[in-house]
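**Student:** Take this structure first; my questions come after.
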Amino acid sequence: MEKQTCNRCFHQEHIPTHQYVKFDDQVYYLCQECWEGFRRWFHWGQSETRDRQLELF
């Protein structure tokens, strides 16, 4: 399997097909680290760590 490039940090690794976010018509594939950051931001975006999570994106 060929490595793909993360559309956020440009790290190259094997990216599973479910690790993406879609905004409007644009799809962004994310490496494991960026994917975890997005998930934390998505699930905890309204918590007190919201400002820190927004720094990730």
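Just so we're on the same page: first chain in the structure tokens is A, next is B, and so on; residues restart at 1 for each chain, and ligands are numbered from 1 in the order they show up.
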With only C-alpha atoms as the counted atoms, please give the residues lying no more than 6 Å from A:Tyr20, apart from itself and same-chain residues fewer than 3 positions off, as a ChimeraX atom specification.
**Tutor:** /A:28-30
**Student:** I'd like the interatomic distance between atom CA of A:His14 and atom CA of A:Gln32, to a tenth of an Å.
**Tutor:**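 Distance between the two atoms: 9.0 Å.
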**Student:** In Å to one decimal, how far is atom CA of A:Arg39 from atom CA of A:Thr5?
**Tutor:** 18.8 Å
